[in-house]
$ cat upload28.txt   # compact mmCIF, N, CA and C atoms
# COMPACT_ATOMS: atom_id res chain seq x y z
N GLN A 1 18.33 25.89 7.43
CA GLN A 1 19.21 26.22 6.34
C GLN A 1 19.05 25.15 5.26
N VAL A 2 19.02 25.58 4.00
CA VAL A 2 18.77 24.67 2.89
C VAL A 2 19.86 24.82 1.84
N ALA A 3 20.42 23.70 1.41
CA ALA A 3 21.33 23.67 0.27
C ALA A 3 20.67 22.79 -0.78
N ALA A 4 20.68 23.24 -2.04
CA ALA A 4 19.96 22.47 -3.06
C ALA A 4 20.66 22.56 -4.40
N TRP A 5 20.41 21.54 -5.21
CA TRP A 5 20.82 21.53 -6.60
C TRP A 5 19.70 20.90 -7.39
N ALA A 6 19.40 21.46 -8.55
CA ALA A 6 18.37 20.88 -9.42
C ALA A 6 18.88 20.86 -10.85
N GLY A 7 18.61 19.75 -11.52
CA GLY A 7 18.93 19.67 -12.94
C GLY A 7 18.03 20.61 -13.72
N ASP A 8 18.46 21.04 -14.87
CA ASP A 8 17.69 22.01 -15.66
C ASP A 8 16.75 21.35 -16.67
N GLY A 9 16.55 20.08 -16.55
CA GLY A 9 15.73 19.35 -17.51
C GLY A 9 16.59 18.61 -18.50
N GLY A 10 17.90 18.84 -18.45
CA GLY A 10 18.81 18.18 -19.38
C GLY A 10 19.63 17.09 -18.74
N THR A 11 19.33 16.75 -17.48
CA THR A 11 20.07 15.70 -16.81
C THR A 11 19.76 14.34 -17.42
N SER A 12 18.55 14.19 -17.91
CA SER A 12 18.12 12.93 -18.51
C SER A 12 17.71 13.17 -19.95
N ASP A 13 17.27 12.11 -20.60
CA ASP A 13 16.81 12.24 -21.99
C ASP A 13 15.28 12.13 -22.07
N ILE A 14 14.57 12.48 -20.98
CA ILE A 14 13.12 12.34 -21.01
C ILE A 14 12.42 13.53 -21.66
N GLY A 15 13.17 14.58 -21.95
CA GLY A 15 12.64 15.65 -22.77
C GLY A 15 11.71 16.65 -22.09
N ILE A 16 11.89 16.90 -20.80
CA ILE A 16 11.08 17.93 -20.14
C ILE A 16 11.92 19.18 -19.96
N GLN A 17 11.26 20.33 -19.87
CA GLN A 17 11.96 21.59 -19.72
C GLN A 17 11.89 22.12 -18.29
N ALA A 18 11.61 21.25 -17.37
CA ALA A 18 11.59 21.57 -15.95
C ALA A 18 12.68 20.72 -15.29
N PRO A 19 13.05 21.05 -14.06
CA PRO A 19 14.06 20.22 -13.40
C PRO A 19 13.64 18.75 -13.37
N ASP A 20 14.55 17.88 -13.82
CA ASP A 20 14.25 16.46 -13.82
C ASP A 20 14.99 15.73 -12.70
N LEU A 21 15.79 16.48 -11.94
CA LEU A 21 16.54 15.92 -10.83
C LEU A 21 16.76 17.00 -9.79
N ALA A 22 16.58 16.67 -8.52
CA ALA A 22 16.83 17.64 -7.45
C ALA A 22 17.48 16.94 -6.27
N GLU A 23 18.45 17.60 -5.68
CA GLU A 23 19.11 17.15 -4.45
C GLU A 23 18.99 18.29 -3.44
N VAL A 24 18.44 18.00 -2.28
CA VAL A 24 18.22 19.03 -1.27
C VAL A 24 18.75 18.52 0.07
N LEU A 25 19.55 19.34 0.75
CA LEU A 25 20.03 19.04 2.10
C LEU A 25 19.45 20.11 3.02
N ILE A 26 18.71 19.67 4.04
CA ILE A 26 18.05 20.59 4.96
C ILE A 26 18.66 20.42 6.35
N ASP A 27 19.11 21.51 6.94
CA ASP A 27 19.68 21.52 8.29
C ASP A 27 18.67 22.19 9.20
N PHE A 28 18.04 21.42 10.07
CA PHE A 28 17.00 21.94 10.96
C PHE A 28 17.62 22.53 12.23
N GLU A 29 16.89 23.41 12.90
CA GLU A 29 17.37 24.08 14.10
C GLU A 29 17.64 23.10 15.24
N ASP A 30 16.94 21.98 15.28
CA ASP A 30 17.08 21.05 16.40
C ASP A 30 18.15 19.97 16.14
N ASN A 31 19.15 20.31 15.33
CA ASN A 31 20.28 19.44 15.06
C ASN A 31 19.90 18.18 14.26
N CYS A 32 18.87 18.27 13.46
CA CYS A 32 18.49 17.18 12.56
C CYS A 32 18.82 17.58 11.12
N LEU A 33 19.12 16.59 10.32
CA LEU A 33 19.40 16.80 8.90
C LEU A 33 18.45 15.97 8.07
N ALA A 34 18.10 16.49 6.91
CA ALA A 34 17.30 15.73 5.95
C ALA A 34 17.96 15.83 4.59
N ASN A 35 18.00 14.73 3.87
CA ASN A 35 18.51 14.70 2.51
C ASN A 35 17.37 14.22 1.63
N VAL A 36 17.04 15.00 0.61
CA VAL A 36 15.94 14.66 -0.29
C VAL A 36 16.51 14.51 -1.70
N HIS A 37 16.23 13.37 -2.32
CA HIS A 37 16.62 13.12 -3.71
C HIS A 37 15.34 12.87 -4.49
N LEU A 38 15.11 13.66 -5.54
CA LEU A 38 13.94 13.50 -6.40
C LEU A 38 14.40 13.40 -7.84
N ASP A 39 13.86 12.43 -8.56
CA ASP A 39 14.12 12.41 -10.00
C ASP A 39 12.92 11.82 -10.72
N PHE A 40 12.81 12.19 -12.00
CA PHE A 40 11.68 11.76 -12.81
C PHE A 40 12.04 10.64 -13.77
N PHE A 41 13.26 10.14 -13.72
CA PHE A 41 13.68 9.21 -14.77
C PHE A 41 14.26 7.91 -14.27
N GLN A 42 14.43 7.74 -12.99
CA GLN A 42 15.04 6.51 -12.47
C GLN A 42 14.22 5.29 -12.85
N ARG A 43 14.89 4.26 -13.35
CA ARG A 43 14.25 2.99 -13.68
C ARG A 43 15.04 1.87 -13.05
N PRO A 44 14.40 0.93 -12.38
CA PRO A 44 12.97 0.93 -12.14
C PRO A 44 12.58 2.02 -11.15
N ARG A 45 11.32 2.42 -11.21
CA ARG A 45 10.85 3.46 -10.31
C ARG A 45 11.05 3.02 -8.87
N ARG A 46 11.36 3.98 -8.01
CA ARG A 46 11.57 3.65 -6.61
C ARG A 46 11.33 4.90 -5.77
N ARG A 47 10.57 4.73 -4.72
CA ARG A 47 10.43 5.78 -3.72
C ARG A 47 10.81 5.15 -2.39
N GLN A 48 11.62 5.85 -1.64
CA GLN A 48 12.04 5.31 -0.35
C GLN A 48 12.17 6.44 0.65
N PHE A 49 11.65 6.20 1.83
CA PHE A 49 11.78 7.15 2.94
C PHE A 49 12.58 6.43 4.01
N GLU A 50 13.59 7.11 4.54
CA GLU A 50 14.43 6.50 5.55
C GLU A 50 14.61 7.49 6.70
N LEU A 51 14.27 7.05 7.90
CA LEU A 51 14.41 7.85 9.10
C LEU A 51 15.45 7.16 9.97
N ILE A 52 16.58 7.83 10.19
CA ILE A 52 17.67 7.25 10.95
C ILE A 52 17.77 7.98 12.28
N CYS A 53 17.69 7.24 13.36
CA CYS A 53 17.75 7.80 14.71
C CYS A 53 18.80 7.05 15.52
N THR A 54 19.07 7.51 16.73
CA THR A 54 20.08 6.85 17.54
C THR A 54 19.63 5.49 18.06
N LYS A 55 18.33 5.27 18.19
CA LYS A 55 17.84 4.00 18.72
C LYS A 55 17.24 3.09 17.66
N GLY A 56 17.28 3.52 16.40
CA GLY A 56 16.73 2.66 15.36
C GLY A 56 16.57 3.36 14.03
N VAL A 57 16.00 2.61 13.10
CA VAL A 57 15.81 3.08 11.73
C VAL A 57 14.42 2.63 11.26
N ILE A 58 13.77 3.49 10.48
CA ILE A 58 12.53 3.10 9.80
C ILE A 58 12.74 3.37 8.32
N ILE A 59 12.46 2.36 7.50
CA ILE A 59 12.57 2.50 6.05
C ILE A 59 11.23 2.08 5.43
N VAL A 60 10.68 2.94 4.58
CA VAL A 60 9.47 2.61 3.84
C VAL A 60 9.85 2.63 2.36
N GLU A 61 9.69 1.49 1.68
CA GLU A 61 10.08 1.35 0.28
C GLU A 61 8.85 1.13 -0.59
N PHE A 62 8.70 2.00 -1.59
CA PHE A 62 7.63 1.87 -2.58
C PHE A 62 8.29 1.53 -3.92
N SER A 63 8.59 0.27 -4.14
CA SER A 63 9.24 -0.10 -5.40
C SER A 63 8.23 -0.57 -6.44
N ARG A 64 6.97 -0.74 -6.01
CA ARG A 64 5.89 -1.14 -6.92
C ARG A 64 4.68 -0.27 -6.63
N TRP A 65 3.77 -0.19 -7.58
CA TRP A 65 2.55 0.60 -7.39
C TRP A 65 1.59 -0.08 -6.43
N ASP A 66 1.66 -1.42 -6.31
CA ASP A 66 0.64 -2.13 -5.55
C ASP A 66 1.12 -2.66 -4.19
N ALA A 67 2.33 -2.29 -3.77
CA ALA A 67 2.83 -2.79 -2.49
C ALA A 67 3.94 -1.90 -1.97
N CYS A 68 4.12 -1.93 -0.66
CA CYS A 68 5.27 -1.26 -0.06
C CYS A 68 5.78 -2.13 1.08
N ARG A 69 7.02 -1.90 1.47
CA ARG A 69 7.62 -2.64 2.58
C ARG A 69 8.05 -1.63 3.64
N VAL A 70 7.65 -1.90 4.89
CA VAL A 70 8.06 -1.10 6.03
C VAL A 70 9.05 -1.94 6.83
N SER A 71 10.26 -1.43 6.99
CA SER A 71 11.30 -2.13 7.75
C SER A 71 11.68 -1.27 8.95
N THR A 72 11.76 -1.90 10.11
CA THR A 72 12.16 -1.19 11.32
C THR A 72 13.34 -1.93 11.95
N TYR A 73 14.30 -1.15 12.40
CA TYR A 73 15.49 -1.69 13.07
C TYR A 73 15.54 -1.13 14.47
N GLN A 74 15.71 -2.01 15.46
CA GLN A 74 15.84 -1.59 16.85
C GLN A 74 17.28 -1.86 17.30
N ALA A 75 17.99 -0.79 17.67
CA ALA A 75 19.39 -0.92 18.04
C ALA A 75 19.59 -1.73 19.31
N GLU A 76 18.64 -1.63 20.25
CA GLU A 76 18.83 -2.32 21.54
C GLU A 76 18.92 -3.84 21.40
N ASN A 77 18.26 -4.42 20.41
CA ASN A 77 18.38 -5.86 20.21
C ASN A 77 18.92 -6.21 18.82
N ALA A 78 19.40 -5.21 18.10
CA ALA A 78 20.04 -5.39 16.79
C ALA A 78 19.19 -6.25 15.86
N SER A 79 17.90 -5.93 15.77
CA SER A 79 17.03 -6.76 14.93
C SER A 79 16.21 -5.91 13.97
N TRP A 80 15.96 -6.49 12.80
CA TRP A 80 15.10 -5.89 11.78
C TRP A 80 13.75 -6.60 11.81
N GLN A 81 12.69 -5.84 11.58
CA GLN A 81 11.37 -6.41 11.34
C GLN A 81 10.87 -5.82 10.04
N HIS A 82 10.21 -6.64 9.22
CA HIS A 82 9.72 -6.21 7.92
C HIS A 82 8.23 -6.50 7.82
N GLU A 83 7.50 -5.57 7.23
CA GLU A 83 6.08 -5.78 6.98
C GLU A 83 5.76 -5.34 5.56
N ASP A 84 5.14 -6.23 4.79
CA ASP A 84 4.73 -5.91 3.43
C ASP A 84 3.27 -5.50 3.45
N LEU A 85 2.97 -4.36 2.82
CA LEU A 85 1.62 -3.80 2.80
C LEU A 85 1.12 -3.67 1.38
N LYS A 86 -0.15 -3.92 1.17
CA LYS A 86 -0.78 -3.70 -0.13
C LYS A 86 -1.13 -2.22 -0.26
N THR A 87 -0.88 -1.66 -1.41
CA THR A 87 -1.20 -0.26 -1.66
C THR A 87 -1.75 -0.13 -3.08
N GLN A 88 -2.26 1.05 -3.38
CA GLN A 88 -2.62 1.41 -4.75
C GLN A 88 -1.91 2.71 -5.06
N ARG A 89 -1.67 2.95 -6.32
CA ARG A 89 -0.89 4.10 -6.75
C ARG A 89 -1.40 5.41 -6.17
N ASP A 90 -2.70 5.57 -6.04
CA ASP A 90 -3.24 6.85 -5.60
C ASP A 90 -3.79 6.83 -4.17
N ASP A 91 -3.35 5.88 -3.33
CA ASP A 91 -3.82 5.82 -1.94
C ASP A 91 -3.59 7.14 -1.19
N MET A 92 -2.40 7.74 -1.33
CA MET A 92 -2.10 8.98 -0.60
C MET A 92 -3.03 10.10 -1.04
N PHE A 93 -3.28 10.20 -2.34
CA PHE A 93 -4.14 11.27 -2.84
C PHE A 93 -5.58 11.08 -2.39
N ARG A 94 -6.04 9.83 -2.41
CA ARG A 94 -7.40 9.55 -1.94
C ARG A 94 -7.55 9.88 -0.45
N ALA A 95 -6.55 9.53 0.35
CA ALA A 95 -6.60 9.82 1.78
C ALA A 95 -6.63 11.33 2.04
N GLU A 96 -5.80 12.09 1.31
CA GLU A 96 -5.80 13.54 1.45
C GLU A 96 -7.16 14.13 1.06
N ASP A 97 -7.69 13.69 -0.07
CA ASP A 97 -8.99 14.19 -0.54
C ASP A 97 -10.09 13.86 0.46
N THR A 98 -10.08 12.62 0.96
CA THR A 98 -11.11 12.20 1.92
C THR A 98 -11.04 13.03 3.19
N GLU A 99 -9.83 13.24 3.71
CA GLU A 99 -9.67 14.04 4.92
C GLU A 99 -10.16 15.48 4.71
N PHE A 100 -9.79 16.07 3.59
CA PHE A 100 -10.19 17.45 3.29
C PHE A 100 -11.71 17.56 3.17
N LEU A 101 -12.31 16.68 2.39
CA LEU A 101 -13.77 16.74 2.19
C LEU A 101 -14.52 16.47 3.49
N LYS A 102 -14.03 15.56 4.31
CA LYS A 102 -14.66 15.29 5.60
C LYS A 102 -14.56 16.52 6.51
N ALA A 103 -13.41 17.19 6.51
CA ALA A 103 -13.24 18.39 7.33
C ALA A 103 -14.19 19.50 6.86
N VAL A 104 -14.37 19.64 5.54
CA VAL A 104 -15.29 20.65 5.01
C VAL A 104 -16.73 20.30 5.39
N ALA A 105 -17.12 19.07 5.19
CA ALA A 105 -18.50 18.65 5.43
C ALA A 105 -18.87 18.70 6.91
N GLU A 106 -17.89 18.39 7.78
CA GLU A 106 -18.18 18.31 9.21
C GLU A 106 -17.57 19.46 10.00
N ASP A 107 -17.03 20.46 9.29
CA ASP A 107 -16.38 21.60 9.93
C ASP A 107 -15.33 21.13 10.93
N GLY A 108 -14.53 20.16 10.49
CA GLY A 108 -13.53 19.55 11.37
C GLY A 108 -12.12 20.02 11.08
N GLN A 109 -11.19 19.42 11.78
CA GLN A 109 -9.78 19.73 11.64
C GLN A 109 -9.12 18.81 10.60
N ILE A 110 -8.02 19.27 10.05
CA ILE A 110 -7.20 18.44 9.18
C ILE A 110 -5.87 18.20 9.88
N SER A 111 -5.17 17.16 9.49
CA SER A 111 -3.94 16.79 10.21
C SER A 111 -2.77 17.73 9.92
N CYS A 112 -2.77 18.43 8.82
CA CYS A 112 -1.71 19.39 8.49
C CYS A 112 -2.27 20.79 8.64
N THR A 113 -1.73 21.54 9.59
CA THR A 113 -2.22 22.89 9.83
C THR A 113 -1.70 23.85 8.75
N ILE A 114 -2.30 25.02 8.68
CA ILE A 114 -1.83 26.05 7.76
C ILE A 114 -0.38 26.43 8.08
N ALA A 115 -0.05 26.52 9.37
CA ALA A 115 1.32 26.86 9.77
C ALA A 115 2.31 25.81 9.28
N GLU A 116 1.95 24.52 9.39
CA GLU A 116 2.82 23.45 8.91
C GLU A 116 2.95 23.50 7.39
N ALA A 117 1.86 23.77 6.70
CA ALA A 117 1.89 23.88 5.24
C ALA A 117 2.79 25.04 4.81
N CYS A 118 2.68 26.16 5.51
CA CYS A 118 3.52 27.33 5.20
C CYS A 118 5.00 27.01 5.41
N LYS A 119 5.32 26.29 6.48
CA LYS A 119 6.70 25.91 6.73
C LYS A 119 7.23 25.03 5.60
N SER A 120 6.42 24.08 5.13
CA SER A 120 6.83 23.23 4.01
C SER A 120 7.09 24.06 2.77
N LEU A 121 6.20 25.01 2.51
CA LEU A 121 6.37 25.88 1.35
C LEU A 121 7.64 26.74 1.47
N GLU A 122 7.94 27.20 2.68
CA GLU A 122 9.17 27.98 2.90
C GLU A 122 10.41 27.14 2.56
N VAL A 123 10.41 25.87 2.95
CA VAL A 123 11.54 24.99 2.65
C VAL A 123 11.69 24.81 1.14
N VAL A 124 10.58 24.59 0.45
CA VAL A 124 10.61 24.42 -1.02
C VAL A 124 11.12 25.70 -1.68
N CYS A 125 10.63 26.84 -1.24
CA CYS A 125 11.06 28.12 -1.82
C CYS A 125 12.54 28.37 -1.57
N ALA A 126 13.02 28.03 -0.37
CA ALA A 126 14.45 28.19 -0.06
C ALA A 126 15.29 27.29 -0.95
N ALA A 127 14.82 26.07 -1.19
CA ALA A 127 15.54 25.15 -2.06
C ALA A 127 15.58 25.70 -3.49
N ARG A 128 14.45 26.24 -3.96
CA ARG A 128 14.41 26.80 -5.32
C ARG A 128 15.35 27.99 -5.44
N GLN A 129 15.44 28.83 -4.41
CA GLN A 129 16.34 29.98 -4.45
C GLN A 129 17.80 29.54 -4.51
N GLN A 130 18.13 28.44 -3.87
CA GLN A 130 19.50 27.92 -3.88
C GLN A 130 19.92 27.43 -5.25
N THR A 131 18.95 27.06 -6.10
CA THR A 131 19.28 26.48 -7.41
C THR A 131 19.41 27.53 -8.50
N CYS A 132 19.04 28.77 -8.22
CA CYS A 132 19.08 29.82 -9.25
C CYS A 132 20.48 30.34 -9.47

$ encode --input "upload28.txt" --output "structure tokens"
Amino acid sequence: QVAAWAGDGGTSDIGIQAPDLAEVLIDFEDNCLANVHLDFFQRPRRRQFELICTKGVIIVEFSRWDACRVSTYQAENASWQHEDLKTQRDDMFRAEDTEFLKAVAEDGQISCTIAEACKSLEVVCAARQQTC
């Protein structure tokens, strides 16, 4: 089940005619929830992924183009560990392109199946329908 809200392009003053802000709440069948916040105008730029579980937390923060921080929390010993990683702005895109081209050249598998891609598209479409 998906609940969503998207700005109409007038939430900010950046002058686009597409949604410039989206909030999506996804309720999965296995009793998990996901909250997605996307915007095109936040300054300073920030991307953060947070996975909260009963035994710990994983947070990946991309506050700069050239670095990210991975933080893990273990509930059993109440401790945080942090690791700073060097990145480049287009690392994800290069990795996707490399995997795809290697699969084509070697007739191999890719890590995201067609079924998984379809499921992702279904979630996006459900979110878009909620905003109309």

$ residues_around --input "upload28.txt" --residues "A:Asp39" --least-positions-apart "3" --cutoff "8 Å" --atoms "only C-alpha atoms" --output "list in words"
Asp20, Leu21, Ala22 and Gln42 of chain A

$ select_by_dssp --input "upload28.txt" --residues "chain A" --states "strand (DSSP E)" --output "MDAnalysis selection string"
chainID A and resid 2:6 21:27 33:39 47:52 56:62 67:74 79:86

$ closest_residue --input "upload28.txt" --among "A:Val123, A:Cys53, A:Val36, A:Met92" --to "A:Tyr73" --atoms "only C-alpha atoms"
A:Cys53

$ residues_around --input "upload28.txt" --residues "stretch 67-69 of chain A" --least-positions-apart "4" --cutoff "8 Å" --atoms "only N, CA and C atoms" --output "PyMOL selection string"
chain A and resi 59-63+82-89

$ closest_residue --input "upload28.txt" --among "A:Gly15, A:Thr98, A:Ala3, A:Phe93" --to "A:Asp27" --atoms "only N, CA and C atoms"
A:Ala3

$ closest_residue --input "upload28.txt" --among "A:Arg47, A:Ala115, A:Glu106, A:Asn77" --to "A:Arg64" --atoms "all atoms listed in the file"
A:Arg47

$ select_by_dssp --input "upload28.txt" --residues "stretch 27-119 of chain A" --states "helix (DSSP H, G or I)" --output "list in words"
Asp91, Met92, Phe93, Arg94, Ala95, Glu96, Asp97, Thr98, Glu99, Phe100, Leu101, Lys102, Ala103, Val104, Ala105, Glu106, Ile114, Ala115, Glu116, Ala117, Cys118 and Lys119 of chain A

$ atom_distance --input "upload28.txt" --atom1 "atom C of A:Leu51" --atom2 "atom CA of A:Gln1"
19.8 Å

$ closest_residue --input "upload28.txt" --among "A:Thr54, A:His37, A:Ala95, A:Gln109" --to "A:Ala75" --atoms "only N, CA and C atoms"
A:Thr54

$ closest_residue --input "upload28.txt" --among "A:Ser12, A:Asn35, A:Ser111, A:Gln81" --to "A:Val57" --atoms "only C-alpha atoms"
A:Gln81

$ atom_distance --input "upload28.txt" --atom1 "atom CA of A:Leu25" --atom2 "atom CA of A:Val124"
11.3 Å

$ atom_distance --input "upload28.txt" --atom1 "atom N of A:Cys32" --atom2 "atom C of A:Val2"
13.4 Å

$ closest_residue --input "upload28.txt" --among "A:Pro19, A:Pro44, A:Glu122, A:Gln74" --to "A:Ile58" --atoms "only N, CA and C atoms"
A:Gln74

$ decode --input "upload28.txt" --residues "stretch 121-131 of chain A" --atoms "all heavy atoms" --output "mmCIF file, in the first residue's frame"
data_model
loop_
_atom_site.group_PDB
_atom_site.id
_atom_site.type_symbol
_atom_site.label_atom_id
_atom_site.label_comp_id
_atom_site.auth_asym_id
_atom_site.auth_seq_id
_atom_site.Cartn_x
_atom_site.Cartn_y
_atom_site.Cartn_z
ATOM 1 N N LEU A 121 8.769 -0.247 -10.412
ATOM 2 C CA LEU A 121 7.926 0.595 -11.255
ATOM 3 C C LEU A 121 6.483 0.627 -10.748
ATOM 4 O O LEU A 121 5.835 1.674 -10.762
ATOM 5 C CB LEU A 121 7.978 0.112 -12.704
ATOM 6 C CG LEU A 121 7.264 0.965 -13.732
ATOM 7 C CD1 LEU A 121 7.779 2.403 -13.716
ATOM 8 C CD2 LEU A 121 7.422 0.364 -15.120
ATOM 9 N N GLU A 122 5.980 -0.504 -10.266
ATOM 10 C CA GLU A 122 4.626 -0.549 -9.695
ATOM 11 C C GLU A 122 4.507 0.389 -8.493
ATOM 12 O O GLU A 122 3.498 1.077 -8.329
ATOM 13 C CB GLU A 122 4.279 -1.977 -9.283
ATOM 14 C CG GLU A 122 4.024 -2.922 -10.437
ATOM 15 C CD GLU A 122 3.871 -4.366 -9.985
ATOM 16 O OE1 GLU A 122 3.778 -4.622 -8.757
ATOM 17 O OE2 GLU A 122 3.862 -5.246 -10.856
ATOM 18 N N VAL A 123 5.531 0.418 -7.642
ATOM 19 C CA VAL A 123 5.512 1.291 -6.474
ATOM 20 C C VAL A 123 5.497 2.764 -6.909
ATOM 21 O O VAL A 123 4.730 3.564 -6.391
ATOM 22 C CB VAL A 123 6.708 0.994 -5.537
ATOM 23 C CG1 VAL A 123 6.828 2.055 -4.455
ATOM 24 C CG2 VAL A 123 6.569 -0.392 -4.923
ATOM 25 N N VAL A 124 6.324 3.106 -7.896
ATOM 26 C CA VAL A 124 6.369 4.491 -8.401
ATOM 27 C C VAL A 124 5.018 4.868 -9.008
ATOM 28 O O VAL A 124 4.499 5.958 -8.756
ATOM 29 C CB VAL A 124 7.518 4.666 -9.409
ATOM 30 C CG1 VAL A 124 7.433 6.015 -10.094
ATOM 31 C CG2 VAL A 124 8.855 4.494 -8.730
ATOM 32 N N CYS A 125 4.437 3.983 -9.796
ATOM 33 C CA CYS A 125 3.138 4.260 -10.419
ATOM 34 C C CYS A 125 2.049 4.422 -9.374
ATOM 35 O O CYS A 125 1.196 5.304 -9.479
ATOM 36 C CB CYS A 125 2.782 3.168 -11.432
ATOM 37 S SG CYS A 125 3.784 3.200 -12.918
ATOM 38 N N ALA A 126 2.075 3.582 -8.337
ATOM 39 C CA ALA A 126 1.085 3.703 -7.255
ATOM 40 C C ALA A 126 1.241 5.035 -6.537
ATOM 41 O O ALA A 126 0.239 5.687 -6.213
ATOM 42 C CB ALA A 126 1.237 2.541 -6.281
ATOM 43 N N ALA A 127 2.473 5.468 -6.321
ATOM 44 C CA ALA A 127 2.717 6.750 -5.675
ATOM 45 C C ALA A 127 2.196 7.890 -6.547
ATOM 46 O O ALA A 127 1.580 8.830 -6.064
ATOM 47 C CB ALA A 127 4.204 6.934 -5.377
ATOM 48 N N ARG A 128 2.446 7.809 -7.860
ATOM 49 C CA ARG A 128 1.963 8.856 -8.773
ATOM 50 C C ARG A 128 0.439 8.909 -8.789
ATOM 51 O O ARG A 128 -0.143 9.978 -8.838
ATOM 52 C CB ARG A 128 2.492 8.610 -10.183
ATOM 53 C CG ARG A 128 3.966 8.865 -10.349
ATOM 54 C CD ARG A 128 4.346 10.322 -10.213
ATOM 55 N NE ARG A 128 3.748 11.096 -11.272
ATOM 56 C CZ ARG A 128 3.455 12.390 -11.189
ATOM 57 N NH1 ARG A 128 3.722 13.037 -10.091
ATOM 58 N NH2 ARG A 128 2.923 13.032 -12.190
ATOM 59 N N GLN A 129 -0.224 7.756 -8.730
ATOM 60 C CA GLN A 129 -1.686 7.738 -8.723
ATOM 61 C C GLN A 129 -2.240 8.377 -7.450
ATOM 62 O O GLN A 129 -3.287 9.019 -7.467
ATOM 63 C CB GLN A 129 -2.213 6.304 -8.834
ATOM 64 C CG GLN A 129 -2.074 5.739 -10.221
ATOM 65 C CD GLN A 129 -2.594 4.312 -10.319
ATOM 66 O OE1 GLN A 129 -2.715 3.605 -9.321
ATOM 67 N NE2 GLN A 129 -2.900 3.888 -11.528
ATOM 68 N N GLN A 130 -1.546 8.228 -6.346
ATOM 69 C CA GLN A 130 -1.976 8.808 -5.076
ATOM 70 C C GLN A 130 -1.909 10.328 -5.094
ATOM 71 O O GLN A 130 -2.581 10.981 -4.330
ATOM 72 C CB GLN A 130 -1.118 8.282 -3.922
ATOM 73 C CG GLN A 130 -1.330 6.820 -3.617
ATOM 74 C CD GLN A 130 -2.687 6.566 -3.007
ATOM 75 O OE1 GLN A 130 -3.203 7.345 -2.224
ATOM 76 N NE2 GLN A 130 -3.299 5.467 -3.395
ATOM 77 N N THR A 131 -1.063 10.903 -5.964
ATOM 78 C CA THR A 131 -0.871 12.356 -5.964
ATOM 79 C C THR A 131 -1.820 13.074 -6.908
ATOM 80 O O THR A 131 -1.853 14.281 -6.934
ATOM 81 C CB THR A 131 0.583 12.716 -6.354
ATOM 82 O OG1 THR A 131 0.843 12.281 -7.682
ATOM 83 C CG2 THR A 131 1.562 12.087 -5.376
#
